[in-house]
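I have placed the structure first, in the form of structure tokens, so that the comments after it can refer back to it.
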Amino acid sequence: MKHALYLKFIAIYVFLAFIGVFIITTLGRQLEEDHLTEARANVFYREETSIMSNYSSSLFTKNSSLDSLYAELRALADGTGASFRIIDVSGKELICTDRALDTGSTITIPDFNYTDFGPKYYEVSNFYGQYSYDCLNVMVPITYHLSTYGYIAASLPYSVVQSETDEILRPFYIVFAVNFALSFVILAFFSAAVYHPLQKIKEGAREFASGNLTHRIRVQSRDEMGEIADSMNFMADELKKNADYQKKFISNVSHDFRTPLTSIKGFTEAMCDGTIPPEMHGHYLSIIAGETDKLDKLTREVLTLNAMDQAKYALNMKDFDINDLLRQTAGLFEGICRRKKISINAVMLGDSLMVNADKEKIGQVIYNLLDNAVKFSDKNTTITMETSERHGKCYVSIKDEGCGIPRECLSKIWDRFYKADSSRGRDRTGTGLGLSIVKEIISAHDQNISVMSTEGVGTEFVFSLALAKQM
């Protein structure tokens with residue numbers, strides 16, 4: 001479902017807002033109303049207690065006068081908005097500020113019972129049916145010499161307390177409403193800072209999944225959303241580079257396999273149909289054997305690079321003599337060097353120089369570099385192998401006096417299948433993978449390799465190795 005996360009957020013937001021309104025208008029209002037009720041009751045209780053302390057000794061005697069008490073209660077009623085009554089223990093009203101003082105009339109409150117108030121001195125009721133609405137009724141006993149002679153009751157319409165509650169809560173309602181309205185700014189900020197960037201990231205992920213790696217997620221924020229977008233854009237760039245490399249790799253491998261296979265197929269068919277006479281078979285079989293060697297070499301080098309790419313390239317580190325390995329590897333080129341009249345000169349540091357590395361892989365590095373040097377050296381030239389020690393490392397140099405590499409090609413020679421054909425076009429047997437393998441092996445050892453070359457003068461490769469630890 002589209003926008004599900006956004007709708008959930010809105011639903012939660014509205015739910016929380018509703019809960020807030022509900023709590024304020026119910027629980028909050030009830031708590032404030034109870035507080036005001038008790039506060040009003042305390043005020044009336046103090047007023048009634050103060051009045052009765054002045055009249056309790058004479059109120060229920062035969063010679064008592066109610067005029068002054070009525071006047072005082074009437075003034076208090078006018079000031080508070082409540083009604084006041086003086087009631088004897090039987091429920092007979094002696095004074096009621098709702099009516100004029102009439103000592104001749106007798107009004108008895110039916111079912112009057114002070115114990116109905118329970119442990120409290122106040123209650124909210126219609127005061128035994130005396131009112132058609134609820135009142136806050138506060139009852140104080142009139143006692144003298146530990147005897148109760150009657151009661152003074154105050155009755156305030158409960159709507160007054162409710163109105164006061166509303167007046168007190170009205171500013172809170174306004175503040176809550178303003179806060180609720182301002183919270184939509186937070187919602188807008190959430191949409192701009194989180195939801196819309198998230199939608200762009202989701203759209204980008206969908207585009208990447210469909211193969212559109214040129215798509216870009218446009219999120220400009222510098223927060224986590226921006227970092228995620230940048231990471232996904234970087235991932236798309238890397239995937240695109242990898243896809244382009246795979247296409248190029250397959251194209252190059254196909255080309256390099258197709259050429260020798262075409263030669264093998266052509267010569268084989270020509271020998272089978274008699275185009276090539278039997279006396280020439282030996283010559284063409286030697287050509288086929290050479291093309292087969294090229295295919296074998298290409299296959300091994302592709303497998304080597306594939307193992308490196310899949311992080312399966314484990315190194316067998318051990319101590320060995322690099323000088324001896326250089327001499328052994330140079331001996332493999334004795335035949336071709338004799339034919340091309342090329343000499344290999346060894347300038348070694350001491351009789352032996354112990355290093356710590358993968359001997360087999362370093363042997364492959366030396367072989368590939370010497371192979372290139374022999375391949376691109378002119379007749380009657382010298383290839384120099386040299387070892388040295390600097391800054392706690394061993395450095396191996398292989399230098400030829402060949403045609404050199406153009407300056408604009410130096411940064412590309414490590415690329416797979418790259419061949420500088422314009423200047424080194426005499427080589428038709430290389431795969432373009434040798435220097436890539438050299439680079440990968442040296443990098444796997446956490447070491448460095450560099451190249452210096454001048455056209456028409458020669459090329460020198462220098463790589464470093466870790467020295468063996470002294471025992």
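Residue names in the structure tokens use chain letters A, B, ... in the order shown, residue numbers from 1 in each chain, and ligand numbers from 1 in the order shown.
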
Mind checking DSSP for stretch 228-374 of chain A and telling me the strand (DSSP E or B) residues as a PyMOL selection string? chain A and resi 317-321+343-347+354-358

Shell around A:Tyr151 at 7 Å using only C-alpha atoms, local window under 4 positions removed, as a list in words: Ile86, Ile87, Asp88, Met139, Val140, Pro141 and Ile142 of chain A

Please measure the separation of atom CA of A:Arg407 and atom CA of A:His391, giving the value in Å to one decimal. 28.7 Å

Residue contacts of A:Ile107 (12 Å, only C-alpha atoms) excluding same-chain residues fewer than 3 positions away, as an MDAnalysis selection string: chainID A and resid 85:88 90:96 99 101:104 110 112 130

So which bits of stretch 289-410 of chain A end up helix (DSSP H, G or I) when you DSSP the backbone, as a ChimeraX atom specification? /A:289-309,322-331,334-340,359-375,407-410

Write out as a ChimeraX atom specification the residues lying within 10 Å of stretch 336-340 of chain A, counting only C-alpha atoms and excluding same-chain residues fewer than 3 positions away. /A:330-333,343-344,374-375,377-383

Any chance you could export the current selection's N, CA and C atoms as a short mmCIF file (atom, residue, chain, number, x, y, z; two decimals), in the first residue's frame?
data_model
loop_
_atom_site.label_atom_id
_atom_site.label_comp_id
_atom_site.auth_asym_id
_atom_site.auth_seq_id
_atom_site.Cartn_x
_atom_site.Cartn_y
_atom_site.Cartn_z
N ALA A 330 65.09 -16.01 -13.85
CA ALA A 330 65.82 -15.54 -15.02
C ALA A 330 66.30 -16.71 -15.86
N GLY A 331 66.62 -17.85 -15.19
CA GLY A 331 67.07 -19.02 -15.93
C GLY A 331 66.01 -19.56 -16.88
N LEU A 332 64.75 -19.30 -16.62
CA LEU A 332 63.68 -19.77 -17.49
C LEU A 332 63.68 -19.07 -18.84
N PHE A 333 64.34 -17.89 -18.91
CA PHE A 333 64.35 -17.12 -20.15
C PHE A 333 65.68 -17.27 -20.91
N SER A 343 71.07 -10.05 -22.79
CA SER A 343 71.74 -10.50 -21.58
C SER A 343 70.97 -10.00 -20.36
N ILE A 344 70.97 -10.85 -19.33
CA ILE A 344 70.32 -10.47 -18.07
C ILE A 344 71.40 -10.28 -17.02
N VAL A 374 61.74 -9.00 -21.67
CA VAL A 374 62.32 -9.73 -22.81
C VAL A 374 61.52 -9.46 -24.07
N LYS A 375 60.23 -9.44 -23.92
CA LYS A 375 59.34 -9.28 -25.07
C LYS A 375 59.55 -7.94 -25.78
N SER A 377 62.29 -5.88 -25.48
CA SER A 377 63.70 -5.46 -25.60
C SER A 377 64.21 -5.74 -27.00
N ASP A 378 65.04 -4.83 -27.49
CA ASP A 378 65.68 -5.05 -28.79
C ASP A 378 66.85 -6.01 -28.64
N LYS A 379 67.35 -6.49 -29.79
CA LYS A 379 68.52 -7.37 -29.77
C LYS A 379 69.72 -6.61 -29.25
N ASN A 380 70.63 -7.40 -28.66
CA ASN A 380 71.89 -6.86 -28.16
C ASN A 380 71.66 -5.79 -27.07
N THR A 381 70.63 -6.00 -26.23
CA THR A 381 70.40 -5.09 -25.10
C THR A 381 70.52 -5.87 -23.80
N THR A 382 70.45 -5.17 -22.68
CA THR A 382 70.62 -5.79 -21.37
C THR A 382 69.40 -5.54 -20.50
N ILE A 383 69.01 -6.59 -19.78
CA ILE A 383 67.96 -6.47 -18.75
C ILE A 383 68.65 -6.57 -17.40
#

Test item: residues at most 8 Å from A:Gly458, only C-alpha atoms, excluding those fewer than 4 positions along its chain, as a PyMOL selection string: chain A and resi 399-405+453-454

Store the residues picked out above, limited to N, CA, C and O atoms, as a CSV table (one decimal), in the first residue's frame.
chain,number,residue,atom,x,y,z
A,399,LYS,N,64.7,-3.8,-15.0
A,399,LYS,CA,64.8,-2.7,-15.9
A,399,LYS,C,65.3,-3.2,-17.3
A,399,LYS,O,66.2,-4.0,-17.4
A,400,ASP,N,64.6,-2.7,-18.4
A,400,ASP,CA,65.0,-3.1,-19.7
A,400,ASP,C,65.4,-1.9,-20.5
A,400,ASP,O,65.3,-0.8,-20.1
A,401,GLU,N,66.0,-2.2,-21.7
A,401,GLU,CA,66.4,-1.1,-22.6
A,401,GLU,C,65.6,-1.2,-23.9
A,401,GLU,O,66.1,-1.1,-25.0
A,402,GLY,N,64.2,-1.4,-23.7
A,402,GLY,CA,63.3,-1.6,-24.9
A,402,GLY,C,62.7,-0.3,-25.4
A,402,GLY,O,63.3,0.8,-25.2
A,403,CYS,N,61.6,-0.5,-26.0
A,403,CYS,CA,60.9,0.6,-26.7
A,403,CYS,C,60.3,1.6,-25.7
A,403,CYS,O,60.0,2.8,-26.1
A,404,GLY,N,60.1,1.2,-24.5
A,404,GLY,CA,59.4,2.2,-23.5
A,404,GLY,C,57.9,2.3,-23.7
A,404,GLY,O,57.3,1.7,-24.6
A,405,ILE,N,57.3,3.0,-22.8
A,405,ILE,CA,55.9,3.1,-22.7
A,405,ILE,C,55.5,4.6,-22.9
A,405,ILE,O,56.1,5.4,-22.1
A,453,SER,N,59.3,5.0,-17.2
A,453,SER,CA,59.5,4.6,-18.6
A,453,SER,C,59.8,5.8,-19.5
A,453,SER,O,59.1,6.9,-19.3
A,454,THR,N,60.7,5.7,-20.4
A,454,THR,CA,60.9,6.7,-21.4
A,454,THR,C,60.9,6.0,-22.8
A,454,THR,O,61.6,5.0,-23.0

Within 9 Å of A:Leu285 using only C-alpha atoms, minus same-chain residues under 4 positions, as a PDB file with all heavy atoms, in the first residue's frame:
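And here's part_16.pdb as it stands now:
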ATOM      1  N   ILE A 264      43.209 -21.994 -34.925  1.00  0.00           N
ATOM      2  CA  ILE A 264      43.220 -23.451 -34.732  1.00  0.00           C
ATOM      3  C   ILE A 264      42.195 -24.116 -35.628  1.00  0.00           C
ATOM      4  O   ILE A 264      42.478 -25.133 -36.308  1.00  0.00           O
ATOM      5  CB  ILE A 264      42.946 -23.784 -33.248  1.00  0.00           C
ATOM      6  CG1 ILE A 264      44.114 -23.319 -32.366  1.00  0.00           C
ATOM      7  CG2 ILE A 264      42.710 -25.279 -33.056  1.00  0.00           C
ATOM      8  CD1 ILE A 264      43.844 -23.415 -30.879  1.00  0.00           C
ATOM      9  N   PHE A 267      43.309 -23.793 -39.485  1.00  0.00           N
ATOM     10  CA  PHE A 267      44.413 -24.684 -39.874  1.00  0.00           C
ATOM     11  C   PHE A 267      43.984 -26.148 -39.803  1.00  0.00           C
ATOM     12  O   PHE A 267      44.373 -26.968 -40.644  1.00  0.00           O
ATOM     13  CB  PHE A 267      45.632 -24.449 -38.967  1.00  0.00           C
ATOM     14  CG  PHE A 267      46.281 -23.112 -39.203  1.00  0.00           C
ATOM     15  CD1 PHE A 267      46.725 -22.344 -38.132  1.00  0.00           C
ATOM     16  CD2 PHE A 267      46.442 -22.605 -40.486  1.00  0.00           C
ATOM     17  CE1 PHE A 267      47.322 -21.114 -38.336  1.00  0.00           C
ATOM     18  CE2 PHE A 267      47.041 -21.364 -40.691  1.00  0.00           C
ATOM     19  CZ  PHE A 267      47.488 -20.613 -39.622  1.00  0.00           C
ATOM     20  N   THR A 268      43.169 -26.497 -38.772  1.00  0.00           N
ATOM     21  CA  THR A 268      42.723 -27.894 -38.650  1.00  0.00           C
ATOM     22  C   THR A 268      41.852 -28.301 -39.824  1.00  0.00           C
ATOM     23  O   THR A 268      42.022 -29.390 -40.407  1.00  0.00           O
ATOM     24  CB  THR A 268      41.950 -28.091 -37.340  1.00  0.00           C
ATOM     25  OG1 THR A 268      42.769 -27.697 -36.235  1.00  0.00           O
ATOM     26  CG2 THR A 268      41.551 -29.547 -37.151  1.00  0.00           C
ATOM     27  N   MET A 280      53.348 -30.246 -44.974  1.00  0.00           N
ATOM     28  CA  MET A 280      53.316 -28.977 -44.249  1.00  0.00           C
ATOM     29  C   MET A 280      52.614 -29.098 -42.895  1.00  0.00           C
ATOM     30  O   MET A 280      52.533 -28.121 -42.139  1.00  0.00           O
ATOM     31  CB  MET A 280      52.602 -27.919 -45.077  1.00  0.00           C
ATOM     32  CG  MET A 280      53.298 -27.597 -46.401  1.00  0.00           C
ATOM     33  SD  MET A 280      54.898 -26.818 -46.126  1.00  0.00           S
ATOM     34  CE  MET A 280      54.412 -25.270 -45.382  1.00  0.00           C
ATOM     35  N   HIS A 281      52.097 -30.280 -42.587  1.00  0.00           N
ATOM     36  CA  HIS A 281      51.338 -30.438 -41.355  1.00  0.00           C
ATOM     37  C   HIS A 281      52.170 -30.112 -40.117  1.00  0.00           C
ATOM     38  O   HIS A 281      51.665 -29.529 -39.150  1.00  0.00           O
ATOM     39  CB  HIS A 281      50.799 -31.881 -41.263  1.00  0.00           C
ATOM     40  CG  HIS A 281      49.625 -32.108 -42.155  1.00  0.00           C
ATOM     41  ND1 HIS A 281      48.883 -33.292 -42.140  1.00  0.00           N
ATOM     42  CD2 HIS A 281      49.047 -31.322 -43.116  1.00  0.00           C
ATOM     43  CE1 HIS A 281      47.926 -33.218 -43.038  1.00  0.00           C
ATOM     44  NE2 HIS A 281      48.010 -32.038 -43.657  1.00  0.00           N
ATOM     45  N   ALA A 289      49.863 -25.550 -31.792  1.00  0.00           N
ATOM     46  CA  ALA A 289      50.349 -25.744 -30.428  1.00  0.00           C
ATOM     47  C   ALA A 289      50.615 -24.397 -29.746  1.00  0.00           C
ATOM     48  O   ALA A 289      50.320 -24.206 -28.561  1.00  0.00           O
ATOM     49  CB  ALA A 289      51.611 -26.596 -30.425  1.00  0.00           C
ATOM     50  N   GLY A 290      51.175 -23.439 -30.494  1.00  0.00           N
ATOM     51  CA  GLY A 290      51.423 -22.110 -29.936  1.00  0.00           C
ATOM     52  C   GLY A 290      50.126 -21.402 -29.562  1.00  0.00           C
ATOM     53  O   GLY A 290      50.042 -20.745 -28.510  1.00  0.00           O
TER      54      GLY A 290
END

Excluding stretch 210-218 of chain A and residues on its chain fewer than 2 positions from it, collect all residues at most 9 Å away from it, counting only C-alpha atoms, and give them as a PDB file with all heavy atoms, in the first residue's frame.
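As written to disk, around-v5.pdb reads:
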ATOM      1  N   PRO A 197      12.327  12.554   1.639  1.00  0.00           N
ATOM      2  CA  PRO A 197      13.597  11.893   1.314  1.00  0.00           C
ATOM      3  C   PRO A 197      13.477  10.376   1.302  1.00  0.00           C
ATOM      4  O   PRO A 197      14.088   9.699   0.468  1.00  0.00           O
ATOM      5  CB  PRO A 197      14.533  12.368   2.432  1.00  0.00           C
ATOM      6  CG  PRO A 197      13.972  13.677   2.856  1.00  0.00           C
ATOM      7  CD  PRO A 197      12.492  13.519   2.732  1.00  0.00           C
ATOM      8  N   LYS A 200      12.068   9.329  -1.919  1.00  0.00           N
ATOM      9  CA  LYS A 200      13.069   9.390  -2.983  1.00  0.00           C
ATOM     10  C   LYS A 200      14.030   8.208  -2.903  1.00  0.00           C
ATOM     11  O   LYS A 200      14.421   7.639  -3.934  1.00  0.00           O
ATOM     12  CB  LYS A 200      13.845  10.699  -2.900  1.00  0.00           C
ATOM     13  CG  LYS A 200      13.013  11.939  -3.222  1.00  0.00           C
ATOM     14  CD  LYS A 200      13.855  13.205  -3.119  1.00  0.00           C
ATOM     15  CE  LYS A 200      13.030  14.456  -3.423  1.00  0.00           C
ATOM     16  NZ  LYS A 200      13.850  15.691  -3.304  1.00  0.00           N
ATOM     17  N   ILE A 201      14.404   7.853  -1.679  1.00  0.00           N
ATOM     18  CA  ILE A 201      15.304   6.706  -1.506  1.00  0.00           C
ATOM     19  C   ILE A 201      14.611   5.421  -1.956  1.00  0.00           C
ATOM     20  O   ILE A 201      15.220   4.570  -2.622  1.00  0.00           O
ATOM     21  CB  ILE A 201      15.747   6.611  -0.027  1.00  0.00           C
ATOM     22  CG1 ILE A 201      16.676   7.782   0.305  1.00  0.00           C
ATOM     23  CG2 ILE A 201      16.445   5.287   0.246  1.00  0.00           C
ATOM     24  CD1 ILE A 201      17.031   7.882   1.776  1.00  0.00           C
ATOM     25  N   GLU A 203      12.190   5.193  -4.171  1.00  0.00           N
ATOM     26  CA  GLU A 203      12.114   5.249  -5.638  1.00  0.00           C
ATOM     27  C   GLU A 203      13.464   4.909  -6.260  1.00  0.00           C
ATOM     28  O   GLU A 203      13.541   4.187  -7.259  1.00  0.00           O
ATOM     29  CB  GLU A 203      11.669   6.647  -6.068  1.00  0.00           C
ATOM     30  CG  GLU A 203      11.555   6.809  -7.580  1.00  0.00           C
ATOM     31  CD  GLU A 203      11.231   8.231  -7.989  1.00  0.00           C
ATOM     32  OE1 GLU A 203      10.976   9.064  -7.097  1.00  0.00           O
ATOM     33  OE2 GLU A 203      11.251   8.510  -9.205  1.00  0.00           O
ATOM     34  N   GLY A 204      14.549   5.436  -5.637  1.00  0.00           N
ATOM     35  CA  GLY A 204      15.881   5.134  -6.148  1.00  0.00           C
ATOM     36  C   GLY A 204      16.202   3.651  -6.055  1.00  0.00           C
ATOM     37  O   GLY A 204      16.776   3.067  -6.988  1.00  0.00           O
ATOM     38  N   ALA A 205      15.845   3.031  -4.907  1.00  0.00           N
ATOM     39  CA  ALA A 205      16.092   1.599  -4.745  1.00  0.00           C
ATOM     40  C   ALA A 205      15.341   0.798  -5.802  1.00  0.00           C
ATOM     41  O   ALA A 205      15.859  -0.187  -6.349  1.00  0.00           O
ATOM     42  CB  ALA A 205      15.677   1.155  -3.341  1.00  0.00           C
ATOM     43  N   ARG A 206      14.119   1.244  -6.117  1.00  0.00           N
ATOM     44  CA  ARG A 206      13.335   0.553  -7.145  1.00  0.00           C
ATOM     45  C   ARG A 206      13.987   0.709  -8.526  1.00  0.00           C
ATOM     46  O   ARG A 206      14.041  -0.243  -9.313  1.00  0.00           O
ATOM     47  CB  ARG A 206      11.912   1.116  -7.160  1.00  0.00           C
ATOM     48  CG  ARG A 206      10.957   0.333  -8.048  1.00  0.00           C
ATOM     49  CD  ARG A 206       9.562   0.924  -8.047  1.00  0.00           C
ATOM     50  NE  ARG A 206       8.948   0.857  -6.728  1.00  0.00           N
ATOM     51  CZ  ARG A 206       8.682   1.905  -5.977  1.00  0.00           C
ATOM     52  NH1 ARG A 206       8.987   3.125  -6.400  1.00  0.00           N
ATOM     53  NH2 ARG A 206       8.115   1.771  -4.800  1.00  0.00           N
ATOM     54  N   GLU A 207      14.504   1.913  -8.808  1.00  0.00           N
ATOM     55  CA  GLU A 207      15.183   2.136 -10.088  1.00  0.00           C
ATOM     56  C   GLU A 207      16.457   1.292 -10.185  1.00  0.00           C
ATOM     57  O   GLU A 207      16.736   0.683 -11.221  1.00  0.00           O
ATOM     58  CB  GLU A 207      15.529   3.621 -10.246  1.00  0.00           C
ATOM     59  CG  GLU A 207      14.332   4.531 -10.461  1.00  0.00           C
ATOM     60  CD  GLU A 207      13.692   4.328 -11.813  1.00  0.00           C
ATOM     61  OE1 GLU A 207      14.413   3.977 -12.764  1.00  0.00           O
ATOM     62  OE2 GLU A 207      12.466   4.494 -11.925  1.00  0.00           O
ATOM     63  N   PHE A 208      17.228   1.253  -9.097  1.00  0.00           N
ATOM     64  CA  PHE A 208      18.459   0.459  -9.109  1.00  0.00           C
ATOM     65  C   PHE A 208      18.139  -1.022  -9.307  1.00  0.00           C
ATOM     66  O   PHE A 208      18.845  -1.729 -10.026  1.00  0.00           O
ATOM     67  CB  PHE A 208      19.229   0.660  -7.803  1.00  0.00           C
ATOM     68  CG  PHE A 208      19.692   2.079  -7.581  1.00  0.00           C
ATOM     69  CD1 PHE A 208      19.890   2.563  -6.300  1.00  0.00           C
ATOM     70  CD2 PHE A 208      19.914   2.923  -8.666  1.00  0.00           C
ATOM     71  CE1 PHE A 208      20.320   3.867  -6.093  1.00  0.00           C
ATOM     72  CE2 PHE A 208      20.337   4.239  -8.464  1.00  0.00           C
ATOM     73  CZ  PHE A 208      20.534   4.697  -7.181  1.00  0.00           C
ATOM     74  N   GLN A 220      19.359  16.486  -0.526  1.00  0.00           N
ATOM     75  CA  GLN A 220      20.411  17.461  -0.253  1.00  0.00           C
ATOM     76  C   GLN A 220      20.740  17.604   1.236  1.00  0.00           C
ATOM     77  O   GLN A 220      21.696  18.281   1.582  1.00  0.00           O
ATOM     78  CB  GLN A 220      19.990  18.839  -0.799  1.00  0.00           C
ATOM     79  CG  GLN A 220      19.634  18.827  -2.277  1.00  0.00           C
ATOM     80  CD  GLN A 220      20.797  18.393  -3.153  1.00  0.00           C
ATOM     81  OE1 GLN A 220      21.953  18.662  -2.843  1.00  0.00           O
ATOM     82  NE2 GLN A 220      20.481  17.713  -4.251  1.00  0.00           N
ATOM     83  N   GLY A 226      20.483  12.039   4.123  1.00  0.00           N
ATOM     84  CA  GLY A 226      21.437  12.415   3.086  1.00  0.00           C
ATOM     85  C   GLY A 226      22.560  11.406   2.960  1.00  0.00           C
ATOM     86  O   GLY A 226      23.007  11.084   1.844  1.00  0.00           O
ATOM     87  N   ALA A 229      21.235   8.381   1.138  1.00  0.00           N
ATOM     88  CA  ALA A 229      21.111   8.673  -0.295  1.00  0.00           C
ATOM     89  C   ALA A 229      22.478   8.675  -0.974  1.00  0.00           C
ATOM     90  O   ALA A 229      22.649   8.094  -2.058  1.00  0.00           O
ATOM     91  CB  ALA A 229      20.410  10.012  -0.500  1.00  0.00           C
ATOM     92  N   ASP A 230      23.467   9.324  -0.345  1.00  0.00           N
ATOM     93  CA  ASP A 230      24.814   9.347  -0.911  1.00  0.00           C
ATOM     94  C   ASP A 230      25.395   7.947  -1.006  1.00  0.00           C
ATOM     95  O   ASP A 230      26.058   7.596  -1.998  1.00  0.00           O
ATOM     96  CB  ASP A 230      25.732  10.237  -0.064  1.00  0.00           C
ATOM     97  CG  ASP A 230      25.361  11.711  -0.161  1.00  0.00           C
ATOM     98  OD1 ASP A 230      24.656  12.072  -1.126  1.00  0.00           O
ATOM     99  OD2 ASP A 230      25.760  12.494   0.721  1.00  0.00           O
ATOM    100  N   MET A 232      23.745   5.149  -1.304  1.00  0.00           N
ATOM    101  CA  MET A 232      23.079   4.396  -2.365  1.00  0.00           C
ATOM    102  C   MET A 232      23.517   4.881  -3.746  1.00  0.00           C
ATOM    103  O   MET A 232      23.660   4.081  -4.674  1.00  0.00           O
ATOM    104  CB  MET A 232      21.558   4.500  -2.207  1.00  0.00           C
ATOM    105  CG  MET A 232      21.034   3.807  -0.966  1.00  0.00           C
ATOM    106  SD  MET A 232      19.225   3.725  -0.895  1.00  0.00           S
ATOM    107  CE  MET A 232      18.877   2.606  -2.254  1.00  0.00           C
ATOM    108  N   ASN A 233      23.737   6.198  -3.893  1.00  0.00           N
ATOM    109  CA  ASN A 233      24.259   6.707  -5.162  1.00  0.00           C
ATOM    110  C   ASN A 233      25.656   6.157  -5.432  1.00  0.00           C
ATOM    111  O   ASN A 233      25.993   5.791  -6.568  1.00  0.00           O
ATOM    112  CB  ASN A 233      24.291   8.235  -5.146  1.00  0.00           C
ATOM    113  CG  ASN A 233      22.908   8.856  -5.238  1.00  0.00           C
ATOM    114  OD1 ASN A 233      21.994   8.240  -5.793  1.00  0.00           O
ATOM    115  ND2 ASN A 233      22.737  10.039  -4.706  1.00  0.00           N
ATOM    116  N   ALA A 236      25.339   2.656  -6.513  1.00  0.00           N
ATOM    117  CA  ALA A 236      24.924   2.568  -7.915  1.00  0.00           C
ATOM    118  C   ALA A 236      26.109   2.835  -8.854  1.00  0.00           C
ATOM    119  O   ALA A 236      26.258   2.165  -9.889  1.00  0.00           O
ATOM    120  CB  ALA A 236      23.800   3.566  -8.195  1.00  0.00           C
ATOM    121  N   ASP A 237      26.950   3.817  -8.476  1.00  0.00           N
ATOM    122  CA  ASP A 237      28.142   4.093  -9.298  1.00  0.00           C
ATOM    123  C   ASP A 237      29.060   2.876  -9.353  1.00  0.00           C
ATOM    124  O   ASP A 237      29.573   2.514 -10.425  1.00  0.00           O
ATOM    125  CB  ASP A 237      28.907   5.291  -8.720  1.00  0.00           C
ATOM    126  CG  ASP A 237      28.181   6.604  -8.944  1.00  0.00           C
ATOM    127  OD1 ASP A 237      27.380   6.658  -9.905  1.00  0.00           O
ATOM    128  OD2 ASP A 237      28.407   7.557  -8.184  1.00  0.00           O
ATOM    129  N   LEU A 239      28.226  -0.254  -8.795  1.00  0.00           N
ATOM    130  CA  LEU A 239      27.577  -1.322  -9.561  1.00  0.00           C
ATOM    131  C   LEU A 239      27.668  -1.072 -11.055  1.00  0.00           C
ATOM    132  O   LEU A 239      27.876  -1.999 -11.845  1.00  0.00           O
ATOM    133  CB  LEU A 239      26.108  -1.445  -9.133  1.00  0.00           C
ATOM    134  CG  LEU A 239      25.850  -2.024  -7.738  1.00  0.00           C
ATOM    135  CD1 LEU A 239      24.362  -1.942  -7.401  1.00  0.00           C
ATOM    136  CD2 LEU A 239      26.319  -3.468  -7.671  1.00  0.00           C
ATOM    137  N   LYS A 240      27.525   0.208 -11.435  1.00  0.00           N
ATOM    138  CA  LYS A 240      27.628   0.547 -12.856  1.00  0.00           C
ATOM    139  C   LYS A 240      29.048   0.302 -13.368  1.00  0.00           C
ATOM    140  O   LYS A 240      29.253  -0.242 -14.462  1.00  0.00           O
ATOM    141  CB  LYS A 240      27.232   2.007 -13.087  1.00  0.00           C
ATOM    142  CG  LYS A 240      27.148   2.389 -14.570  1.00  0.00           C
ATOM    143  CD  LYS A 240      26.637   3.793 -14.730  1.00  0.00           C
ATOM    144  CE  LYS A 240      26.457   4.132 -16.200  1.00  0.00           C
ATOM    145  NZ  LYS A 240      27.665   3.962 -16.996  1.00  0.00           N
TER     146      LYS A 240
END

How many Å lie between atom CA of A:Phe117 and atom CA of A:Ala41, rounded to one decimal?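 The value is 13.0 Å.
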